[in-house]
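Have a look at the structure below, then the notes.
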Amino acid sequence: MKKGLILMLILFALSFVAGCGSTNAPQDINSPEHTGVIKDNNQQKDASKSEETAAYPLEVTDFRGNSVKLAKEPQRVISLSPNITEIIYALGKGDTLVGRTAFCDYPEDAEDAIVVGDFIEWNFETILSLEPDVVFASSLNTEENENKLMELGINTVFLTQIESFESTYEIIDLVGKVLNAQDRADEIINEMKKTVSEVQKAAEGKEKPSVYYVVGYGEYGDYTATGETFISSMIGMAGGNNIAADITGWVYSLEKLIEKDPDIIICPEYAKEAFLQTNGYKELTAVKEGRIYAIDENLIVRQGPRLAEGLRALYEIFHSESISD
Amino acid sequence: MFSGLKGKLSGVLIIALIVLLIFISAASLFLGTANIGYVDVFRILLHHIPGLGDQISIDGIPDSAVTIIMKLRLTRVILALLVGAGLSAVGSTMQCLFRNPMAEPGLLGISSGAGLGATIAIFLGLNTTVFGMGATAISAFIGAIITILIVYNISRTGPKISPTVLILAGTAISFMNSAIIQLLMIFRRDRMDYIMLWTMGSFTTSGWNKILILIPFLVAGLSILLLYARQLNVISTGEETAQSLGIEVEKVKRILLAVCSLITAACVSTSGIIGFVGLIIPHVFRLIVGPDQRILLPYSIIGGAAFLVICDTLARVIASPAEIPVGAITAVFGSPFFIALLIRSKRSVM
């Protein structure tokens, strides 16, 4: 009887394993093309402007200081961060994107690419089976996962998130270089710089409202973008005073928020209604006087081509006027 | 003295279990997100067997398939196997040593210590590698060892250890470690998810380096546990009896505790906190083969290995391409099995 029981357990377990295996969508594995990562340093900034046919093999240095070698123009690209996905599309290279994260939701076309993970977990098997020519990764993952990518011999370009607005230009520049879209990258960067200077010019001399940017609130704890974040510098560039600019980290407190009583509160779209209803927060002057504004946070938190748009949106909230193009 | 299956039958059963383990491990290699044909998997595996490799060609198989099999699936299966065997053996030994059915590898605070170590590394954003091990794993190992040393010294009076104080001190330190982990998470909200996921356990970042580090711990550790199985049997019937039979009870306890701690620390620091295996698998086999450590321990080792390989395979394929933390799978799928077993054994007693 006991033997029968063991057998039952085993059969049950096996049928489970087998049943799960067969439900997987097959992914074809075609010809491989793995180029190793070779150490060498020679990153020239904006080497020559004229080429839209860059010289491959190409060697670039990524944000980690690794030299990445590309035998040919990448045809199969995986992006492991939403901002990089946006950049790839803005560069007109969306057709090369074969893999993305679950959070890569812009532009809509990007959702056709296969999901290979989220910020925290990557499915290495899916990544490998997509046979990418190059993988773009941000620093928003664990050291172990990042090392694993290198260990598997995947051609990875790390675009570490640096807490400055300007580093966005560097990210776009490098992605442009790798994907043979240097000219388009320059266009995007110039366009963004133009918007930035317009916003800064418009904000000059205007009164600076004090601003609080909601990342988290209520029972989940008060979190905001403090002085060390690029979001805080964006608030400054758009002519606002971030009330949390004097501290570091992400943690804030309701008491401090009430004490500083900001003129304007910015929060993500989904959180606005609930924020207004929550005890404590509804006592804030900005809430009482209706100066709480929802913003598409993806314009603010993703270091991509839409960041300048986010900056403009902030300006328009702070100074209740729009900047015409 | 002991109920359960007699030698001959249990011998047949353990061979069956080993065959099953091999079968499960092989099956796990064929399953995954990427669609690689059975024949190709065989060819890749055979090609990598030393001496045989030249006869089996892997021409025509894409490099990525070879990498998936050799560097992802195979390393995961082996790591799951080792960790399952280790945790289950530790659980079995500790349940017997403490004469406590709730004893498991995390009982003395080792897992929480590893968790705290890992959390500190993640919190500080450490990014160094020593002997192919990441800072998180090293920090976890150090945390585990420090914790067990503290617990051990609290419960020690001279050379004698009090099991009750040991368990209580372990539980208290566990709570403290968990609380510190939560505190650190609050202050690094941006890294909260990684800490959470680490504490749930995963074999995602398995690799040959981890396996090579784990193997010496397990081979030496499990051998010692098996060696002491007979003495442990006697100790579990009463320490005075054991003493009068000439067993150095305190010394054996110390050795077993040290070995259990090292195995657990090694397992947890390479794979995160994987609960359930060490608690339930020994009970499952105790219900089947009886409480004799000499028989139960080998069963726990093989059974734990097989169970964790099955769970990790489920973790990989069930929500593919997303992955489920293996620690969640072990409990969700393991508990119903165990409860069914409990009900059955209750009936057969009545």
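Ordering of the structure tokens sets the chain letters (A, B, ...), residue numbers begin anew at 1 in every chain, and ligands are numbered from 1 in the order given.
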Margin query: Which residues are near region 296-299 of chain B? Cut-off 12 Å, only C-alpha atoms, ignore same chain within fewer than 5 positions. Put them as a PyMOL selection string.
Written below: chain B and resi 2-7+10-18+21+84-96+222-230+232-233+278+281-291+304-307
Next item on the list: Between A:Met234, A:Ala245, A:Ala102, A:Leu149, single out the one closest to Ala322 (chain B), counting only C-alpha atoms.
Entry: A:Ala102
May I have all residues of region 145-270 of chain B that DSSP, computed from the backbone, assigns to helix (DSSP H, G or I), given as a PDB file with C-alpha atoms, in the first residue's frame?
```pdb
ATOM      1  CA  ILE B 145      27.734  31.764   9.907  1.00  0.00           C
ATOM      2  CA  ILE B 146      27.676  34.802  12.211  1.00  0.00           C
ATOM      3  CA  THR B 147      24.074  34.063  13.164  1.00  0.00           C
ATOM      4  CA  ILE B 148      24.689  30.435  14.052  1.00  0.00           C
ATOM      5  CA  LEU B 149      27.769  31.377  16.086  1.00  0.00           C
ATOM      6  CA  ILE B 150      25.725  33.856  18.094  1.00  0.00           C
ATOM      7  CA  VAL B 151      22.908  31.361  18.653  1.00  0.00           C
ATOM      8  CA  TYR B 152      25.345  28.624  19.595  1.00  0.00           C
ATOM      9  CA  ASN B 153      27.168  30.765  22.132  1.00  0.00           C
ATOM     10  CA  ILE B 154      23.942  31.922  23.745  1.00  0.00           C
ATOM     11  CA  SER B 155      22.793  28.349  24.321  1.00  0.00           C
ATOM     12  CA  PRO B 163      18.408  22.224  22.839  1.00  0.00           C
ATOM     13  CA  THR B 164      15.567  24.319  24.236  1.00  0.00           C
ATOM     14  CA  VAL B 165      17.695  27.434  24.582  1.00  0.00           C
ATOM     15  CA  LEU B 166      19.184  26.740  21.151  1.00  0.00           C
ATOM     16  CA  ILE B 167      15.764  26.673  19.512  1.00  0.00           C
ATOM     17  CA  LEU B 168      14.505  29.702  21.426  1.00  0.00           C
ATOM     18  CA  ALA B 169      17.620  31.734  20.731  1.00  0.00           C
ATOM     19  CA  GLY B 170      17.447  30.709  17.072  1.00  0.00           C
ATOM     20  CA  THR B 171      13.824  31.782  16.838  1.00  0.00           C
ATOM     21  CA  ALA B 172      14.534  35.110  18.545  1.00  0.00           C
ATOM     22  CA  ILE B 173      17.485  35.859  16.267  1.00  0.00           C
ATOM     23  CA  SER B 174      15.354  34.871  13.278  1.00  0.00           C
ATOM     24  CA  PHE B 175      12.748  37.442  14.201  1.00  0.00           C
ATOM     25  CA  MET B 176      15.403  40.071  14.756  1.00  0.00           C
ATOM     26  CA  ASN B 177      17.051  39.356  11.408  1.00  0.00           C
ATOM     27  CA  SER B 178      13.720  39.474   9.608  1.00  0.00           C
ATOM     28  CA  ALA B 179      12.898  42.775  11.255  1.00  0.00           C
ATOM     29  CA  ILE B 180      16.228  44.265  10.193  1.00  0.00           C
ATOM     30  CA  ILE B 181      15.643  42.996   6.652  1.00  0.00           C
ATOM     31  CA  GLN B 182      12.294  44.783   6.604  1.00  0.00           C
ATOM     32  CA  LEU B 183      13.828  47.961   7.974  1.00  0.00           C
ATOM     33  CA  LEU B 184      16.497  47.938   5.299  1.00  0.00           C
ATOM     34  CA  MET B 185      13.851  47.326   2.638  1.00  0.00           C
ATOM     35  CA  ILE B 186      11.950  50.425   3.731  1.00  0.00           C
ATOM     36  CA  PHE B 187      15.037  52.554   3.305  1.00  0.00           C
ATOM     37  CA  ARG B 189      12.498  51.001  -1.668  1.00  0.00           C
ATOM     38  CA  ASP B 190      14.116  50.931  -5.088  1.00  0.00           C
ATOM     39  CA  ARG B 191      15.771  47.616  -4.198  1.00  0.00           C
ATOM     40  CA  MET B 192      12.848  46.189  -2.242  1.00  0.00           C
ATOM     41  CA  ASP B 193      11.779  43.806  -4.985  1.00  0.00           C
ATOM     42  CA  TYR B 194      15.211  42.219  -5.269  1.00  0.00           C
ATOM     43  CA  ILE B 195      15.371  41.625  -1.553  1.00  0.00           C
ATOM     44  CA  MET B 196      11.879  40.122  -1.581  1.00  0.00           C
ATOM     45  CA  LEU B 197      12.728  37.862  -4.494  1.00  0.00           C
ATOM     46  CA  TRP B 198      16.008  36.799  -2.947  1.00  0.00           C
ATOM     47  CA  THR B 199      14.281  35.730   0.218  1.00  0.00           C
ATOM     48  CA  MET B 200      11.862  33.642  -1.846  1.00  0.00           C
ATOM     49  CA  TRP B 208      28.988  25.899 -12.716  1.00  0.00           C
ATOM     50  CA  ASN B 209      30.779  28.189 -10.253  1.00  0.00           C
ATOM     51  CA  LYS B 210      27.982  27.788  -7.702  1.00  0.00           C
ATOM     52  CA  ILE B 211      27.863  24.044  -8.231  1.00  0.00           C
ATOM     53  CA  LEU B 212      31.610  23.703  -7.729  1.00  0.00           C
ATOM     54  CA  ILE B 213      31.402  25.629  -4.479  1.00  0.00           C
ATOM     55  CA  LEU B 214      28.424  23.649  -3.214  1.00  0.00           C
ATOM     56  CA  ILE B 215      29.739  20.168  -4.001  1.00  0.00           C
ATOM     57  CA  PRO B 216      32.526  19.981  -1.372  1.00  0.00           C
ATOM     58  CA  PHE B 217      30.138  21.193   1.340  1.00  0.00           C
ATOM     59  CA  LEU B 218      27.552  18.611   0.396  1.00  0.00           C
ATOM     60  CA  VAL B 219      29.798  15.637  -0.224  1.00  0.00           C
ATOM     61  CA  ALA B 220      31.659  16.115   3.040  1.00  0.00           C
ATOM     62  CA  GLY B 221      28.577  17.203   4.971  1.00  0.00           C
ATOM     63  CA  LEU B 222      26.233  14.432   3.858  1.00  0.00           C
ATOM     64  CA  SER B 223      28.923  11.796   4.420  1.00  0.00           C
ATOM     65  CA  ILE B 224      29.357  12.943   8.005  1.00  0.00           C
ATOM     66  CA  LEU B 225      25.605  12.975   8.597  1.00  0.00           C
ATOM     67  CA  LEU B 226      25.302   9.439   7.224  1.00  0.00           C
ATOM     68  CA  LEU B 227      28.248   8.327   9.355  1.00  0.00           C
ATOM     69  CA  ALA B 229      23.109   8.220  11.657  1.00  0.00           C
ATOM     70  CA  ARG B 230      23.413   5.211  13.956  1.00  0.00           C
ATOM     71  CA  GLN B 231      24.589   7.248  16.945  1.00  0.00           C
ATOM     72  CA  LEU B 232      21.855   9.771  16.278  1.00  0.00           C
ATOM     73  CA  ASN B 233      19.285   6.960  16.421  1.00  0.00           C
ATOM     74  CA  VAL B 234      20.449   6.143  19.913  1.00  0.00           C
ATOM     75  CA  ILE B 235      20.615   9.762  21.043  1.00  0.00           C
ATOM     76  CA  SER B 236      17.046  10.306  19.898  1.00  0.00           C
ATOM     77  CA  THR B 237      15.835   7.608  22.271  1.00  0.00           C
ATOM     78  CA  GLU B 239      20.591  11.202  25.956  1.00  0.00           C
ATOM     79  CA  GLU B 240      21.226   9.279  29.202  1.00  0.00           C
ATOM     80  CA  THR B 241      20.826   5.947  27.438  1.00  0.00           C
ATOM     81  CA  ALA B 242      23.179   7.062  24.725  1.00  0.00           C
ATOM     82  CA  GLN B 243      25.692   8.246  27.293  1.00  0.00           C
ATOM     83  CA  SER B 244      25.573   4.911  29.103  1.00  0.00           C
ATOM     84  CA  VAL B 249      26.511  12.815  23.170  1.00  0.00           C
ATOM     85  CA  GLU B 250      27.669  16.425  23.419  1.00  0.00           C
ATOM     86  CA  LYS B 251      30.441  15.908  20.908  1.00  0.00           C
ATOM     87  CA  VAL B 252      28.123  14.237  18.388  1.00  0.00           C
ATOM     88  CA  LYS B 253      25.577  17.027  18.854  1.00  0.00           C
ATOM     89  CA  ARG B 254      28.226  19.666  18.245  1.00  0.00           C
ATOM     90  CA  ILE B 255      29.530  17.958  15.125  1.00  0.00           C
ATOM     91  CA  LEU B 256      26.043  17.459  13.692  1.00  0.00           C
ATOM     92  CA  LEU B 257      25.075  21.058  14.440  1.00  0.00           C
ATOM     93  CA  ALA B 258      28.203  22.384  12.774  1.00  0.00           C
ATOM     94  CA  VAL B 259      27.712  20.198   9.700  1.00  0.00           C
ATOM     95  CA  CYS B 260      24.015  21.086   9.436  1.00  0.00           C
ATOM     96  CA  SER B 261      24.835  24.779   9.732  1.00  0.00           C
ATOM     97  CA  LEU B 262      27.494  24.680   7.027  1.00  0.00           C
ATOM     98  CA  ILE B 263      25.309  22.739   4.598  1.00  0.00           C
ATOM     99  CA  THR B 264      22.394  25.103   5.169  1.00  0.00           C
ATOM    100  CA  ALA B 265      24.566  28.206   4.871  1.00  0.00           C
ATOM    101  CA  ALA B 266      26.048  26.966   1.595  1.00  0.00           C
ATOM    102  CA  CYS B 267      22.640  26.042   0.155  1.00  0.00           C
ATOM    103  CA  VAL B 268      20.869  29.215   1.215  1.00  0.00           C
ATOM    104  CA  SER B 269      23.614  31.574   0.117  1.00  0.00           C
ATOM    105  CA  THR B 270      23.718  30.124  -3.400  1.00  0.00           C
TER     106      THR B 270
END
```
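Of the listed residues (A:Met237, A:Val251, A:Val214, A:Val135), A:Val251 comes nearest to chain B; the distances count only C-alpha atoms.
You will find CA of Ile171 (chain A) at 12.1 Å from CA of Leu91 (chain A).
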Under the rule of at most 7 Å, produce a per-residue listing of chain B near chain A: chain, number, name, the closest pair of atoms, and the distance in Å, as JSON lines, using only C-alpha atoms.
```
{"residue": "B:Leu31", "atom": "CA", "partner": "A:Gly21", "partner_atom": "CA", "distance": 5.6}
{"residue": "B:Gly32", "atom": "CA", "partner": "A:Gly21", "partner_atom": "CA", "distance": 6.8}
{"residue": "B:Thr33", "atom": "CA", "partner": "A:Thr126", "partner_atom": "CA", "distance": 6.1}
{"residue": "B:Ala34", "atom": "CA", "partner": "A:Gln27", "partner_atom": "CA", "distance": 5.7}
{"residue": "B:Asn35", "atom": "CA", "partner": "A:Pro26", "partner_atom": "CA", "distance": 5.1}
{"residue": "B:Pro62", "atom": "CA", "partner": "A:Pro32", "partner_atom": "CA", "distance": 5.4}
{"residue": "B:Asp63", "atom": "CA", "partner": "A:Pro32", "partner_atom": "CA", "distance": 5.6}
{"residue": "B:Ser64", "atom": "CA", "partner": "A:Leu128", "partner_atom": "CA", "distance": 5.8}
{"residue": "B:Ile68", "atom": "CA", "partner": "A:Glu125", "partner_atom": "CA", "distance": 6.0}
{"residue": "B:Asn127", "atom": "CA", "partner": "A:Glu143", "partner_atom": "CA", "distance": 6.0}
{"residue": "B:Gly134", "atom": "CA", "partner": "A:Glu144", "partner_atom": "CA", "distance": 6.3}
{"residue": "B:Phe187", "atom": "CA", "partner": "A:Val251", "partner_atom": "CA", "distance": 6.5}
{"residue": "B:Tyr194", "atom": "CA", "partner": "A:Ile120", "partner_atom": "CA", "distance": 6.4}
{"residue": "B:Thr205", "atom": "CA", "partner": "A:Asn145", "partner_atom": "CA", "distance": 6.4}
{"residue": "B:Ile288", "atom": "CA", "partner": "A:Lys2", "partner_atom": "CA", "distance": 6.4}
{"residue": "B:Leu314", "atom": "CA", "partner": "A:Val17", "partner_atom": "CA", "distance": 6.4}
{"residue": "B:Val317", "atom": "CA", "partner": "A:Cys20", "partner_atom": "CA", "distance": 6.2}
{"residue": "B:Ile318", "atom": "CA", "partner": "A:Cys20", "partner_atom": "CA", "distance": 5.7}
{"residue": "B:Pro321", "atom": "CA", "partner": "A:Asn123", "partner_atom": "CA", "distance": 6.4}
{"residue": "B:Ala322", "atom": "CA", "partner": "A:Gly117", "partner_atom": "CA", "distance": 6.2}
```
Let me see the file: selected residues, N, CA and C atoms, as a short mmCIF file (atom, residue, chain, number, x, y, z; two decimals), in the first residue's frame.
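Here's the written file out_39.cif:
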```
data_model
loop_
_atom_site.label_atom_id
_atom_site.label_comp_id
_atom_site.auth_asym_id
_atom_site.auth_seq_id
_atom_site.Cartn_x
_atom_site.Cartn_y
_atom_site.Cartn_z
N LEU B 31 12.53 20.25 -20.87
CA LEU B 31 11.45 21.22 -20.74
C LEU B 31 11.99 22.63 -20.57
N GLY B 32 11.32 23.58 -21.20
CA GLY B 32 11.74 24.96 -21.03
C GLY B 32 11.08 25.85 -22.06
N THR B 33 11.35 27.12 -21.94
CA THR B 33 10.73 28.09 -22.82
C THR B 33 11.17 27.88 -24.27
N ALA B 34 12.46 27.68 -24.44
CA ALA B 34 12.97 27.48 -25.80
C ALA B 34 12.62 26.09 -26.27
N ASN B 35 12.29 25.98 -27.54
CA ASN B 35 11.87 24.71 -28.08
C ASN B 35 13.06 24.00 -28.71
N PRO B 62 22.18 24.94 -33.22
CA PRO B 62 22.60 26.32 -32.97
C PRO B 62 23.35 26.47 -31.64
N ASP B 63 24.30 27.35 -31.63
CA ASP B 63 25.09 27.61 -30.41
C ASP B 63 24.20 27.95 -29.23
N SER B 64 23.13 28.71 -29.54
CA SER B 64 22.28 29.15 -28.43
C SER B 64 21.64 27.95 -27.74
N ILE B 68 21.92 27.05 -23.87
CA ILE B 68 20.72 26.87 -23.04
C ILE B 68 20.81 25.55 -22.26
N ASN B 127 28.98 45.12 -5.64
CA ASN B 127 29.05 44.50 -6.97
C ASN B 127 30.44 43.94 -7.23
N GLY B 134 29.07 36.01 -6.40
CA GLY B 134 28.70 37.41 -6.26
C GLY B 134 28.75 37.86 -4.82
N PHE B 187 14.14 51.47 3.67
CA PHE B 187 15.04 52.55 3.31
C PHE B 187 15.61 52.41 1.90
N TYR B 194 14.12 43.20 -5.18
CA TYR B 194 15.21 42.22 -5.27
C TYR B 194 15.36 41.47 -3.96
N THR B 205 20.05 32.20 -11.34
CA THR B 205 21.45 32.53 -11.63
C THR B 205 22.39 31.37 -11.31
N ILE B 288 6.74 6.91 5.40
CA ILE B 288 6.82 5.76 4.51
C ILE B 288 7.80 4.70 5.00
N LEU B 314 8.84 23.15 -12.54
CA LEU B 314 7.53 23.82 -12.55
C LEU B 314 7.73 25.33 -12.54
N VAL B 317 8.57 26.45 -16.08
CA VAL B 317 7.68 26.28 -17.23
C VAL B 317 6.23 26.69 -16.97
N ILE B 318 5.81 26.76 -15.71
CA ILE B 318 4.39 26.91 -15.43
C ILE B 318 3.83 28.23 -15.96
N PRO B 321 6.89 32.80 -20.33
CA PRO B 321 8.32 32.95 -20.03
C PRO B 321 8.61 33.56 -18.66
N ALA B 322 7.57 33.93 -17.91
CA ALA B 322 7.84 34.46 -16.57
C ALA B 322 8.29 33.31 -15.67
#
```
Note to self: So that I can check the secondary structure, give me every residue of region 157-306 of chain A assigned strand (DSSP E or B) by backbone DSSP, as JSON, numbers by chain.
What the structure shows: {"A": [157, 158, 210, 211, 212, 213, 214, 215, 216, 223, 224, 241, 242, 251, 264, 265, 266, 267, 268, 292, 293, 294, 295]}
Output for the residues just chosen: N, CA and C atoms as a short mmCIF file (atom, residue, chain, number, x, y, z; two decimals), in the first residue's frame:
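Wrote again02.cif, looks like this:
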```
data_model
loop_
_atom_site.label_atom_id
_atom_site.label_comp_id
_atom_site.auth_asym_id
_atom_site.auth_seq_id
_atom_site.Cartn_x
_atom_site.Cartn_y
_atom_site.Cartn_z
N VAL A 157 25.09 45.55 -23.95
CA VAL A 157 25.51 46.94 -23.76
C VAL A 157 24.79 47.45 -22.51
N PHE A 158 25.54 47.77 -21.47
CA PHE A 158 24.93 48.27 -20.25
C PHE A 158 24.78 49.79 -20.32
N SER A 210 6.77 75.84 -4.78
CA SER A 210 7.35 74.66 -4.14
C SER A 210 6.54 73.44 -4.58
N VAL A 211 7.27 72.35 -4.83
CA VAL A 211 6.67 71.19 -5.48
C VAL A 211 6.98 69.92 -4.69
N TYR A 212 5.99 69.02 -4.62
CA TYR A 212 6.23 67.68 -4.07
C TYR A 212 5.85 66.65 -5.12
N TYR A 213 6.76 65.73 -5.38
CA TYR A 213 6.51 64.70 -6.39
C TYR A 213 6.23 63.36 -5.69
N VAL A 214 5.00 62.86 -5.87
CA VAL A 214 4.58 61.65 -5.15
C VAL A 214 5.08 60.40 -5.86
N VAL A 215 5.88 59.61 -5.19
CA VAL A 215 6.24 58.29 -5.69
C VAL A 215 5.41 57.24 -4.97
N GLY A 216 5.28 57.41 -3.65
CA GLY A 216 4.44 56.51 -2.87
C GLY A 216 3.83 57.31 -1.74
N TYR A 223 7.13 58.16 -0.24
CA TYR A 223 8.35 58.13 -1.02
C TYR A 223 8.29 59.25 -2.06
N THR A 224 9.43 59.87 -2.26
CA THR A 224 9.49 60.93 -3.25
C THR A 224 10.86 60.94 -3.90
N ASN A 241 10.54 74.36 -7.16
CA ASN A 241 11.41 74.09 -6.03
C ASN A 241 11.00 72.77 -5.41
N ASN A 242 11.80 71.73 -5.59
CA ASN A 242 11.45 70.44 -5.00
C ASN A 242 11.64 70.52 -3.49
N VAL A 251 12.96 58.11 0.79
CA VAL A 251 11.98 58.11 1.88
C VAL A 251 11.62 59.53 2.32
N ILE A 264 2.38 72.97 -5.00
CA ILE A 264 1.91 72.07 -6.04
C ILE A 264 2.31 70.65 -5.72
N ILE A 265 1.38 69.71 -5.98
CA ILE A 265 1.70 68.29 -5.82
C ILE A 265 1.54 67.60 -7.16
N ILE A 266 2.58 66.84 -7.53
CA ILE A 266 2.53 66.08 -8.77
C ILE A 266 2.42 64.62 -8.39
N CYS A 267 1.47 63.90 -9.00
CA CYS A 267 1.41 62.47 -8.70
C CYS A 267 1.06 61.68 -9.95
N PRO A 268 1.35 60.39 -9.94
CA PRO A 268 1.02 59.56 -11.09
C PRO A 268 -0.49 59.53 -11.30
N ILE A 292 -3.31 69.77 -7.19
CA ILE A 292 -2.66 68.47 -7.32
C ILE A 292 -2.85 68.02 -8.77
N TYR A 293 -1.76 67.71 -9.42
CA TYR A 293 -1.82 67.42 -10.85
C TYR A 293 -1.31 66.02 -11.12
N ALA A 294 -2.08 65.30 -11.94
CA ALA A 294 -1.63 63.98 -12.37
C ALA A 294 -0.77 64.15 -13.60
N ILE A 295 0.24 63.33 -13.69
CA ILE A 295 1.11 63.39 -14.86
C ILE A 295 1.42 61.96 -15.29
#
```
Checklist line | Å distance separating CA of Lys282 (chain A) from CA of Ile243 (chain A), one decimal place | finding: 18.1 Å
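Coordinates place CA of Asp59 (chain B) at a distance of 15.5 Å from CA of Tyr38 (chain B).
Candidate residues A:Glu111, A:Gly218, A:Glu187, A:Lys177 were compared for distance to Gln277 (chain A), and the nearest is A:Gly218, using only C-alpha atoms.
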Next item on the list: Tell me, as a count of residues only, which residues lie within 12 Å of Lys193 (chain A), counting only C-alpha atoms; anything in the same chain fewer than 2 positions away does not count.
Entry: 23
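The shortest atom-to-atom distance to Thr160 (chain A), with only C-alpha atoms taken into account, belongs to A:Ile84 out of A:Ile84, A:Met192, A:Ala110, A:Ala203.
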